[in-house]
>>> print(open('data_15.cif').read())   # mmCIF, C-alpha atoms and all ligand atoms
data_entry
loop_
_atom_site.group_PDB
_atom_site.id
_atom_site.type_symbol
_atom_site.label_atom_id
_atom_site.label_comp_id
_atom_site.auth_asym_id
_atom_site.auth_seq_id
_atom_site.Cartn_x
_atom_site.Cartn_y
_atom_site.Cartn_z
ATOM 1 C CA MET A 16 -26.597 -54.846 16.988
ATOM 2 C CA THR A 17 -27.213 -55.946 13.426
ATOM 3 C CA VAL A 18 -30.344 -54.506 11.854
ATOM 4 C CA ASN A 19 -31.733 -56.076 8.696
ATOM 5 C CA PHE A 20 -34.660 -54.515 6.926
ATOM 6 C CA ILE A 21 -36.056 -53.592 3.530
ATOM 7 C CA LEU A 22 -35.392 -50.022 2.515
ATOM 8 C CA ASN A 23 -37.083 -48.704 -0.597
ATOM 9 C CA GLY A 24 -37.449 -52.229 -1.916
ATOM 10 C CA GLU A 25 -33.896 -53.411 -1.214
ATOM 11 C CA ASP A 26 -32.584 -55.687 1.533
ATOM 12 C CA VAL A 27 -30.163 -53.723 3.709
ATOM 13 C CA SER A 28 -28.138 -54.473 6.809
ATOM 14 C CA LEU A 29 -26.122 -52.344 9.187
ATOM 15 C CA GLN A 30 -24.416 -52.372 12.557
ATOM 16 C CA THR A 31 -25.746 -49.779 14.962
ATOM 17 C CA GLU A 32 -26.704 -49.041 18.525
ATOM 18 C CA ALA A 33 -30.114 -50.461 19.426
ATOM 19 C CA ASP A 34 -31.452 -47.028 20.347
ATOM 20 C CA ALA A 35 -30.100 -45.133 17.333
ATOM 21 C CA ARG A 36 -32.864 -43.062 15.723
ATOM 22 C CA LEU A 37 -34.148 -44.201 12.356
ATOM 23 C CA ILE A 38 -33.913 -40.650 11.021
ATOM 24 C CA ASP A 39 -30.181 -40.620 11.745
ATOM 25 C CA LEU A 40 -29.643 -44.007 10.141
ATOM 26 C CA LEU A 41 -31.447 -42.869 7.006
ATOM 27 C CA ARG A 42 -29.644 -39.572 6.744
ATOM 28 C CA LYS A 43 -26.144 -40.650 7.808
ATOM 29 C CA ASN A 44 -25.830 -44.324 6.915
ATOM 30 C CA PHE A 45 -27.926 -44.347 3.762
ATOM 31 C CA THR A 46 -27.545 -40.712 2.618
ATOM 32 C CA LEU A 47 -31.302 -40.268 2.360
ATOM 33 C CA PRO A 48 -32.084 -36.690 3.472
ATOM 34 C CA GLY A 49 -35.789 -36.699 2.545
ATOM 35 C CA ALA A 50 -36.851 -37.362 6.152
ATOM 36 C CA LYS A 51 -36.114 -33.937 7.584
ATOM 37 C CA ALA A 52 -34.929 -33.237 11.114
ATOM 38 C CA GLY A 53 -37.466 -30.831 12.542
ATOM 39 C CA CYS A 54 -38.559 -31.029 16.160
ATOM 40 C CA LEU A 55 -36.958 -34.458 16.752
ATOM 41 C CA SER A 56 -39.673 -35.120 19.300
ATOM 42 C CA GLY A 57 -42.592 -36.480 17.267
ATOM 43 C CA ASN A 58 -44.519 -33.246 16.929
ATOM 44 C CA CYS A 59 -43.928 -31.844 13.437
ATOM 45 C CA GLY A 60 -44.106 -34.788 11.028
ATOM 46 C CA LEU A 61 -41.237 -33.571 8.857
ATOM 47 C CA CYS A 62 -39.360 -36.833 9.367
ATOM 48 C CA PHE A 63 -42.216 -39.093 8.258
ATOM 49 C CA VAL A 64 -41.441 -42.379 6.532
ATOM 50 C CA ILE A 65 -43.720 -45.314 5.762
ATOM 51 C CA LEU A 66 -42.975 -48.279 8.051
ATOM 52 C CA ASN A 67 -44.913 -51.454 7.302
ATOM 53 C CA GLY A 68 -47.604 -49.409 5.551
ATOM 54 C CA LYS A 69 -48.048 -46.700 8.186
ATOM 55 C CA VAL A 70 -46.511 -43.245 8.348
ATOM 56 C CA VAL A 71 -44.353 -42.844 11.432
ATOM 57 C CA PRO A 72 -42.052 -40.100 12.695
ATOM 58 C CA SER A 73 -38.621 -41.573 12.066
ATOM 59 C CA CYS A 74 -37.175 -39.437 14.881
ATOM 60 C CA LEU A 75 -39.056 -41.606 17.385
ATOM 61 C CA ILE A 76 -38.239 -45.007 15.908
ATOM 62 C CA PRO A 77 -35.254 -46.762 17.497
ATOM 63 C CA ALA A 78 -33.116 -49.103 15.431
ATOM 64 C CA PHE A 79 -34.305 -52.219 17.235
ATOM 65 C CA ARG A 80 -37.857 -51.558 16.020
ATOM 66 C CA VAL A 81 -36.680 -51.444 12.436
ATOM 67 C CA ARG A 82 -35.465 -55.054 12.336
ATOM 68 C CA GLY A 83 -37.411 -57.096 9.812
ATOM 69 C CA SER A 84 -39.548 -54.168 8.709
ATOM 70 C CA GLU A 85 -40.175 -52.525 5.349
ATOM 71 C CA ILE A 86 -39.435 -48.831 5.134
ATOM 72 C CA ILE A 87 -40.221 -46.460 2.310
ATOM 73 C CA THR A 88 -38.748 -42.976 2.202
ATOM 74 C CA ILE A 89 -39.667 -40.192 -0.149
ATOM 75 C CA GLU A 90 -36.591 -40.996 -2.241
ATOM 76 C CA GLY A 91 -37.872 -44.490 -2.967
ATOM 77 C CA PHE A 92 -41.504 -43.512 -3.238
ATOM 78 C CA SER A 93 -40.746 -40.768 -5.752
ATOM 79 C CA GLN A 94 -39.814 -43.495 -8.266
ATOM 80 C CA THR A 95 -43.336 -44.900 -8.360
ATOM 81 C CA ASP A 96 -46.521 -44.317 -10.337
ATOM 82 C CA GLU A 97 -48.315 -43.777 -7.037
ATOM 83 C CA TYR A 98 -46.094 -40.781 -6.344
ATOM 84 C CA GLN A 99 -47.020 -39.308 -9.719
ATOM 85 C CA ASP A 100 -50.714 -39.786 -8.906
ATOM 86 C CA ILE A 101 -50.327 -37.718 -5.755
ATOM 87 C CA ILE A 102 -48.295 -34.974 -7.436
ATOM 88 C CA ALA A 103 -50.934 -34.699 -10.168
ATOM 89 C CA GLY A 104 -53.814 -34.751 -7.656
ATOM 90 C CA PHE A 105 -52.204 -32.132 -5.450
ATOM 91 C CA GLN A 106 -51.499 -29.910 -8.443
ATOM 92 C CA GLU A 107 -55.046 -30.268 -9.735
ATOM 93 C CA ALA A 108 -56.462 -29.239 -6.358
ATOM 94 C CA GLY A 109 -53.929 -26.485 -5.744
ATOM 95 C CA VAL A 110 -52.413 -28.104 -2.646
ATOM 96 C CA ALA A 111 -49.542 -25.921 -1.504
ATOM 97 C CA CYS A 112 -46.120 -27.547 -1.660
ATOM 98 C CA CYS A 113 -43.521 -25.030 -0.517
ATOM 99 C CA GLY A 114 -40.835 -27.642 0.014
ATOM 100 C CA TYR A 115 -40.928 -27.618 3.798
ATOM 101 C CA CYS A 116 -43.291 -30.496 4.536
ATOM 102 C CA ASP A 117 -43.918 -31.874 1.040
ATOM 103 C CA SER A 118 -42.397 -35.289 1.634
ATOM 104 C CA ALA A 119 -44.425 -35.750 4.826
ATOM 105 C CA LYS A 120 -47.678 -34.825 3.103
ATOM 106 C CA ILE A 121 -46.975 -37.059 0.126
ATOM 107 C CA LEU A 122 -46.127 -40.100 2.268
ATOM 108 C CA ALA A 123 -49.133 -39.481 4.512
ATOM 109 C CA ALA A 124 -51.314 -39.322 1.398
ATOM 110 C CA GLN A 125 -49.904 -42.588 0.140
ATOM 111 C CA ALA A 126 -50.376 -44.437 3.417
ATOM 112 C CA LEU A 127 -53.947 -43.157 3.637
ATOM 113 C CA LEU A 128 -54.865 -44.054 0.055
ATOM 114 C CA GLU A 129 -53.409 -47.545 0.341
ATOM 115 C CA ARG A 130 -55.613 -48.086 3.375
ATOM 116 C CA ARG A 131 -58.735 -46.416 2.004
ATOM 117 C CA SER A 132 -59.115 -45.746 -1.700
ATOM 118 C CA ARG A 133 -61.881 -43.174 -1.022
ATOM 119 C CA PRO A 134 -61.295 -41.679 2.420
ATOM 120 C CA GLY A 135 -63.797 -39.238 3.892
ATOM 121 C CA ARG A 136 -62.981 -35.681 4.896
ATOM 122 C CA GLU A 137 -62.513 -36.516 8.581
ATOM 123 C CA GLU A 138 -60.215 -39.424 7.771
ATOM 124 C CA ILE A 139 -58.171 -37.160 5.548
ATOM 125 C CA LEU A 140 -57.803 -34.461 8.162
ATOM 126 C CA ASP A 141 -56.938 -37.068 10.776
ATOM 127 C CA ALA A 142 -54.287 -38.635 8.535
ATOM 128 C CA PHE A 143 -52.541 -35.272 8.185
ATOM 129 C CA SER A 144 -53.001 -34.120 11.762
ATOM 130 C CA GLY A 145 -49.441 -35.080 12.706
ATOM 131 C CA ILE A 146 -47.891 -32.710 10.174
ATOM 132 C CA ILE A 147 -47.287 -29.082 11.006
ATOM 133 C CA CYS A 148 -47.854 -27.236 7.739
ATOM 134 C CA ARG A 149 -47.958 -23.478 7.429
ATOM 135 C CA CYS A 150 -49.373 -23.423 3.917
ATOM 136 C CA THR A 151 -52.090 -25.982 3.306
ATOM 137 C CA GLU A 152 -55.760 -25.304 3.869
ATOM 138 C CA PRO A 153 -57.709 -28.363 5.049
ATOM 139 C CA GLU A 154 -60.165 -27.946 2.170
ATOM 140 C CA SER A 155 -57.456 -28.023 -0.470
ATOM 141 C CA LEU A 156 -55.921 -31.080 1.169
ATOM 142 C CA ALA A 157 -59.242 -32.906 1.068
ATOM 143 C CA ALA A 158 -59.655 -31.876 -2.572
ATOM 144 C CA GLY A 159 -56.119 -33.055 -3.328
ATOM 145 C CA ILE A 160 -56.772 -36.503 -1.906
ATOM 146 C CA SER A 161 -60.039 -36.751 -3.793
ATOM 147 C CA ALA A 162 -58.344 -35.714 -7.048
ATOM 148 C CA THR A 163 -55.550 -38.217 -6.429
ATOM 149 C CA ALA A 164 -58.084 -40.992 -5.839
ATOM 150 C CA ASP A 165 -59.707 -40.192 -9.205
ATOM 151 C CA ILE A 166 -56.374 -40.092 -11.016
ATOM 152 C CA ARG A 167 -55.260 -43.356 -9.442
ATOM 153 C CA GLN A 168 -58.474 -45.131 -10.297
ATOM 154 C CA GLN A 169 -58.228 -43.901 -13.867
ATOM 155 C CA ARG A 170 -54.617 -45.086 -14.148
ATOM 156 C CA ARG A 171 -55.245 -48.464 -12.570
ATOM 157 C CA TYR A 172 -58.615 -49.333 -14.027
ATOM 158 C CA GLY A 173 -59.010 -46.963 -16.944
ATOM 159 C CA ARG A 174 -62.252 -45.425 -15.760
ATOM 160 C CA GLY A 175 -63.532 -42.715 -13.479
ATOM 161 C CA VAL A 176 -65.646 -43.121 -10.399
HETATM 162 S S1 LIG A 201 -38.607 -34.310 13.395
HETATM 163 FE FE1 LIG A 201 -39.732 -36.096 13.780
HETATM 164 S S2 LIG A 201 -41.722 -35.413 14.243
HETATM 165 FE FE2 LIG A 201 -40.557 -33.578 14.072
HETATM 166 S S1 LIG A 202 -46.451 -26.774 2.274
HETATM 167 FE FE1 LIG A 202 -45.417 -25.150 3.263
HETATM 168 S S2 LIG A 202 -45.188 -25.815 5.320
HETATM 169 FE FE2 LIG A 202 -46.339 -27.359 4.397
#
>>> encode(input="data_15.cif", output="C-alpha cells")
Amino acid sequence: MTVNFILNGEDVSLQTEADARLIDLLRKNFTLPGAKAGCLSGNCGLCFVILNGKVVPSCLIPAFRVRGSEIITIEGFSQTDEYQDIIAGFQEAGVACCGYCDSAKILAAQALLERRSRPGREEILDAFSGIICRCTEPESLAAGISATADIRQQRRYGRGV
C-alpha cells in the first residue's frame, strides 16, 4: 500500500505492507534511529514518537494507521525551540538523561506541555508512566516539567509566572 504522511514537517510517501511497524519504517526507510527498538511490545516506551500530538509507541503502530497523520520524531523535534526549553528545564532540575530513554522522555514532555502548559504532579507522572527509566526520580521529573514550563513561558511571552 501507499502511505502518505507528514514526517518532521515534510510530506513523505512510501510503499509498504499495511502491517509494517512504524518503528521499522522510521529506522529503515527514513534512517531515523531515534525511536529505539526496546521491548517491541508496547511496554518500555523507548520507541515513542509524537503522532497527531500524542506520544505513541511506534512499535505498535501499523503502517495503515500512519496514513494522513503527522509524526514527529526526536530528530525533527531536536531542531525546535521547544526542544531547547525541555533540555534547559531538565538540566535545571537535574533530570537524569543517561541516553537510554532520553528521546522518549523529551517527546513525552513535549506532548504533555502542548496539552497542558502547567500540568499537575499526577498528570506529569501519568504522562511518563509508559516509559521504563532506570535513572529518573519522579520528583526530579516533576521539577523538570515545572522548570520547562517556566522557561517556555519566559521565551514565548517574556515574563515569568
Ligand atoms: S520498543 Fe516500543 S514500547 Fe518498547
Ligand atoms: S535516563 Fe537512564 S534509563 Fe532513563
>>> resolve_selection(input="data_15.cif", expression="the PyMOL selection byres (((not hetatm)) within 10 of (chain A and resi 201))", output="list in words")
Arg36, Leu37, Ile38, Ala50, Lys51, Ala52, Gly53, Cys54, Leu55, Ser56, Gly57, Asn58, Cys59, Gly60, Leu61, Cys62, Phe63, Val64, Val71, Pro72, Ser73, Cys74, Leu75, Ile76, Ala119, Gly145, Ile146 and Ile147 of chain A
>>> write_last_selection(input="data_15.cif", atoms="C-alpha atoms", output="PDB file, keeping the file's coordinate frame")
ATOM      1  CA  ARG A  36     -32.864 -43.062  15.723  1.00  0.00           C
ATOM      2  CA  LEU A  37     -34.148 -44.201  12.356  1.00  0.00           C
ATOM      3  CA  ILE A  38     -33.913 -40.650  11.021  1.00  0.00           C
ATOM      4  CA  ALA A  50     -36.851 -37.362   6.152  1.00  0.00           C
ATOM      5  CA  LYS A  51     -36.114 -33.937   7.584  1.00  0.00           C
ATOM      6  CA  ALA A  52     -34.929 -33.237  11.114  1.00  0.00           C
ATOM      7  CA  GLY A  53     -37.466 -30.831  12.542  1.00  0.00           C
ATOM      8  CA  CYS A  54     -38.559 -31.029  16.160  1.00  0.00           C
ATOM      9  CA  LEU A  55     -36.958 -34.458  16.752  1.00  0.00           C
ATOM     10  CA  SER A  56     -39.673 -35.120  19.300  1.00  0.00           C
ATOM     11  CA  GLY A  57     -42.592 -36.480  17.267  1.00  0.00           C
ATOM     12  CA  ASN A  58     -44.519 -33.246  16.929  1.00  0.00           C
ATOM     13  CA  CYS A  59     -43.928 -31.844  13.437  1.00  0.00           C
ATOM     14  CA  GLY A  60     -44.106 -34.788  11.028  1.00  0.00           C
ATOM     15  CA  LEU A  61     -41.237 -33.571   8.857  1.00  0.00           C
ATOM     16  CA  CYS A  62     -39.360 -36.833   9.367  1.00  0.00           C
ATOM     17  CA  PHE A  63     -42.216 -39.093   8.258  1.00  0.00           C
ATOM     18  CA  VAL A  64     -41.441 -42.379   6.532  1.00  0.00           C
ATOM     19  CA  VAL A  71     -44.353 -42.844  11.432  1.00  0.00           C
ATOM     20  CA  PRO A  72     -42.052 -40.100  12.695  1.00  0.00           C
ATOM     21  CA  SER A  73     -38.621 -41.573  12.066  1.00  0.00           C
ATOM     22  CA  CYS A  74     -37.175 -39.437  14.881  1.00  0.00           C
ATOM     23  CA  LEU A  75     -39.056 -41.606  17.385  1.00  0.00           C
ATOM     24  CA  ILE A  76     -38.239 -45.007  15.908  1.00  0.00           C
ATOM     25  CA  ALA A 119     -44.425 -35.750   4.826  1.00  0.00           C
ATOM     26  CA  GLY A 145     -49.441 -35.080  12.706  1.00  0.00           C
ATOM     27  CA  ILE A 146     -47.891 -32.710  10.174  1.00  0.00           C
ATOM     28  CA  ILE A 147     -47.287 -29.082  11.006  1.00  0.00           C
TER      29      ILE A 147
END
>>> residues_near_ligand(input="data_15.cif", ligand="ligand LIG 202 (chain A)", cutoff="8 Å", atoms="all atoms listed in the file", output="list in words")
Val110, Ala111, Cys112, Cys113, Gly114, Tyr115, Cys116, Asp117, Lys120, Ile147, Cys148, Arg149, Cys150 and Thr151 of chain A
>>> resolve_selection(input="data_15.cif", expression="the PyMOL selection byres (((chain A and resi 133-144) around 7) and not hetatm)", output="list in words")
Ala123, Leu127, Arg131, Ser132, Gly145, Ile146, Pro153, Ala157 and Ala164 of chain A
>>> axis_aligned_box(input="data_15.cif", around="region 140-144 of chain A", padding_each_side="6 Å", output="AutoDock Vina command-line options")
--center_x -55.2 --center_y -36.4 --center_z 10.0 --size_x 17.3 --size_y 16.5 --size_z 15.6
>>> residues_around(input="data_15.cif", residues="region 168-171 of chain A", least_positions_apart="2", cutoff="12 Å", atoms="all atoms listed in the file", output="PyMOL selection string")
chain A and resi 96-97+99-101+103-104+128+132-133+161-166+173-176
>>> closest_residue(input="data_15.cif", among="A:Glu85, A:Tyr98, A:Ala158, A:Pro48", to="Gly68 (chain A)", atoms="only C-alpha atoms")
A:Glu85
>>> atom_distance(input="data_15.cif", atom1="CA of Glu154 (chain A)", atom2="CA of Thr88 (chain A)")
26.2 Å
>>> atom_distance(input="data_15.cif", atom1="CA of Ile121 (chain A)", atom2="CA of Gly83 (chain A)")
24.2 Å
>>> build_atoms(input="data_15.cif", residues="region 88-113 of chain A", atoms="N, CA and C atoms", output="PDB file, in the coordinates of the input")
ATOM      1  N   THR A  88     -39.004 -44.407   2.032  1.00  0.00           N
ATOM      2  CA  THR A  88     -38.748 -42.976   2.202  1.00  0.00           C
ATOM      3  C   THR A  88     -39.212 -42.259   0.938  1.00  0.00           C
ATOM      4  N   ILE A  89     -39.217 -40.955   1.014  1.00  0.00           N
ATOM      5  CA  ILE A  89     -39.667 -40.192  -0.149  1.00  0.00           C
ATOM      6  C   ILE A  89     -38.756 -40.447  -1.355  1.00  0.00           C
ATOM      7  N   GLU A  90     -37.499 -40.739  -1.108  1.00  0.00           N
ATOM      8  CA  GLU A  90     -36.591 -40.996  -2.241  1.00  0.00           C
ATOM      9  C   GLU A  90     -37.028 -42.236  -3.016  1.00  0.00           C
ATOM     10  N   GLY A  91     -37.411 -43.280  -2.289  1.00  0.00           N
ATOM     11  CA  GLY A  91     -37.872 -44.490  -2.967  1.00  0.00           C
ATOM     12  C   GLY A  91     -39.254 -44.293  -3.553  1.00  0.00           C
ATOM     13  N   PHE A  92     -40.126 -43.659  -2.767  1.00  0.00           N
ATOM     14  CA  PHE A  92     -41.504 -43.512  -3.238  1.00  0.00           C
ATOM     15  C   PHE A  92     -41.591 -42.637  -4.486  1.00  0.00           C
ATOM     16  N   SER A  93     -40.683 -41.684  -4.603  1.00  0.00           N
ATOM     17  CA  SER A  93     -40.746 -40.768  -5.752  1.00  0.00           C
ATOM     18  C   SER A  93     -40.474 -41.469  -7.086  1.00  0.00           C
ATOM     19  N   GLN A  94     -40.056 -42.739  -7.036  1.00  0.00           N
ATOM     20  CA  GLN A  94     -39.814 -43.495  -8.266  1.00  0.00           C
ATOM     21  C   GLN A  94     -41.058 -44.242  -8.751  1.00  0.00           C
ATOM     22  N   THR A  95     -42.168 -44.064  -8.079  1.00  0.00           N
ATOM     23  CA  THR A  95     -43.336 -44.900  -8.360  1.00  0.00           C
ATOM     24  C   THR A  95     -44.449 -44.139  -9.092  1.00  0.00           C
ATOM     25  N   ASP A  96     -45.329 -44.909  -9.709  1.00  0.00           N
ATOM     26  CA  ASP A  96     -46.521 -44.317 -10.337  1.00  0.00           C
ATOM     27  C   ASP A  96     -47.424 -43.681  -9.284  1.00  0.00           C
ATOM     28  N   GLU A  97     -47.457 -44.299  -8.110  1.00  0.00           N
ATOM     29  CA  GLU A  97     -48.315 -43.777  -7.037  1.00  0.00           C
ATOM     30  C   GLU A  97     -47.872 -42.369  -6.624  1.00  0.00           C
ATOM     31  N   TYR A  98     -46.600 -42.134  -6.638  1.00  0.00           N
ATOM     32  CA  TYR A  98     -46.094 -40.781  -6.344  1.00  0.00           C
ATOM     33  C   TYR A  98     -46.611 -39.795  -7.391  1.00  0.00           C
ATOM     34  N   GLN A  99     -46.555 -40.198  -8.647  1.00  0.00           N
ATOM     35  CA  GLN A  99     -47.020 -39.308  -9.719  1.00  0.00           C
ATOM     36  C   GLN A  99     -48.515 -39.024  -9.584  1.00  0.00           C
ATOM     37  N   ASP A 100     -49.280 -40.015  -9.145  1.00  0.00           N
ATOM     38  CA  ASP A 100     -50.714 -39.786  -8.906  1.00  0.00           C
ATOM     39  C   ASP A 100     -50.906 -38.647  -7.914  1.00  0.00           C
ATOM     40  N   ILE A 101     -50.163 -38.712  -6.823  1.00  0.00           N
ATOM     41  CA  ILE A 101     -50.327 -37.718  -5.755  1.00  0.00           C
ATOM     42  C   ILE A 101     -49.881 -36.339  -6.226  1.00  0.00           C
ATOM     43  N   ILE A 102     -48.767 -36.276  -6.924  1.00  0.00           N
ATOM     44  CA  ILE A 102     -48.295 -34.974  -7.436  1.00  0.00           C
ATOM     45  C   ILE A 102     -49.366 -34.372  -8.348  1.00  0.00           C
ATOM     46  N   ALA A 103     -49.915 -35.200  -9.234  1.00  0.00           N
ATOM     47  CA  ALA A 103     -50.934 -34.699 -10.168  1.00  0.00           C
ATOM     48  C   ALA A 103     -52.196 -34.281  -9.419  1.00  0.00           C
ATOM     49  N   GLY A 104     -52.610 -35.082  -8.430  1.00  0.00           N
ATOM     50  CA  GLY A 104     -53.814 -34.751  -7.656  1.00  0.00           C
ATOM     51  C   GLY A 104     -53.631 -33.478  -6.847  1.00  0.00           C
ATOM     52  N   PHE A 105     -52.481 -33.333  -6.230  1.00  0.00           N
ATOM     53  CA  PHE A 105     -52.204 -32.132  -5.450  1.00  0.00           C
ATOM     54  C   PHE A 105     -52.176 -30.894  -6.366  1.00  0.00           C
ATOM     55  N   GLN A 106     -51.559 -31.048  -7.514  1.00  0.00           N
ATOM     56  CA  GLN A 106     -51.499 -29.910  -8.443  1.00  0.00           C
ATOM     57  C   GLN A 106     -52.897 -29.529  -8.911  1.00  0.00           C
ATOM     58  N   GLU A 107     -53.686 -30.534  -9.253  1.00  0.00           N
ATOM     59  CA  GLU A 107     -55.046 -30.268  -9.735  1.00  0.00           C
ATOM     60  C   GLU A 107     -55.861 -29.511  -8.696  1.00  0.00           C
ATOM     61  N   ALA A 108     -55.671 -29.862  -7.434  1.00  0.00           N
ATOM     62  CA  ALA A 108     -56.462 -29.239  -6.358  1.00  0.00           C
ATOM     63  C   ALA A 108     -55.795 -28.002  -5.772  1.00  0.00           C
ATOM     64  N   GLY A 109     -54.607 -27.673  -6.255  1.00  0.00           N
ATOM     65  CA  GLY A 109     -53.929 -26.485  -5.744  1.00  0.00           C
ATOM     66  C   GLY A 109     -53.397 -26.643  -4.333  1.00  0.00           C
ATOM     67  N   VAL A 110     -53.010 -27.890  -3.967  1.00  0.00           N
ATOM     68  CA  VAL A 110     -52.413 -28.104  -2.646  1.00  0.00           C
ATOM     69  C   VAL A 110     -51.043 -27.446  -2.614  1.00  0.00           C
ATOM     70  N   ALA A 111     -50.820 -26.624  -1.605  1.00  0.00           N
ATOM     71  CA  ALA A 111     -49.542 -25.921  -1.504  1.00  0.00           C
ATOM     72  C   ALA A 111     -48.420 -26.905  -1.218  1.00  0.00           C
ATOM     73  N   CYS A 112     -47.315 -26.740  -1.910  1.00  0.00           N
ATOM     74  CA  CYS A 112     -46.120 -27.547  -1.660  1.00  0.00           C
ATOM     75  C   CYS A 112     -44.926 -26.610  -1.706  1.00  0.00           C
ATOM     76  N   CYS A 113     -44.590 -26.038  -0.548  1.00  0.00           N
ATOM     77  CA  CYS A 113     -43.521 -25.030  -0.517  1.00  0.00           C
ATOM     78  C   CYS A 113     -42.147 -25.654  -0.364  1.00  0.00           C
TER      79      CYS A 113
END
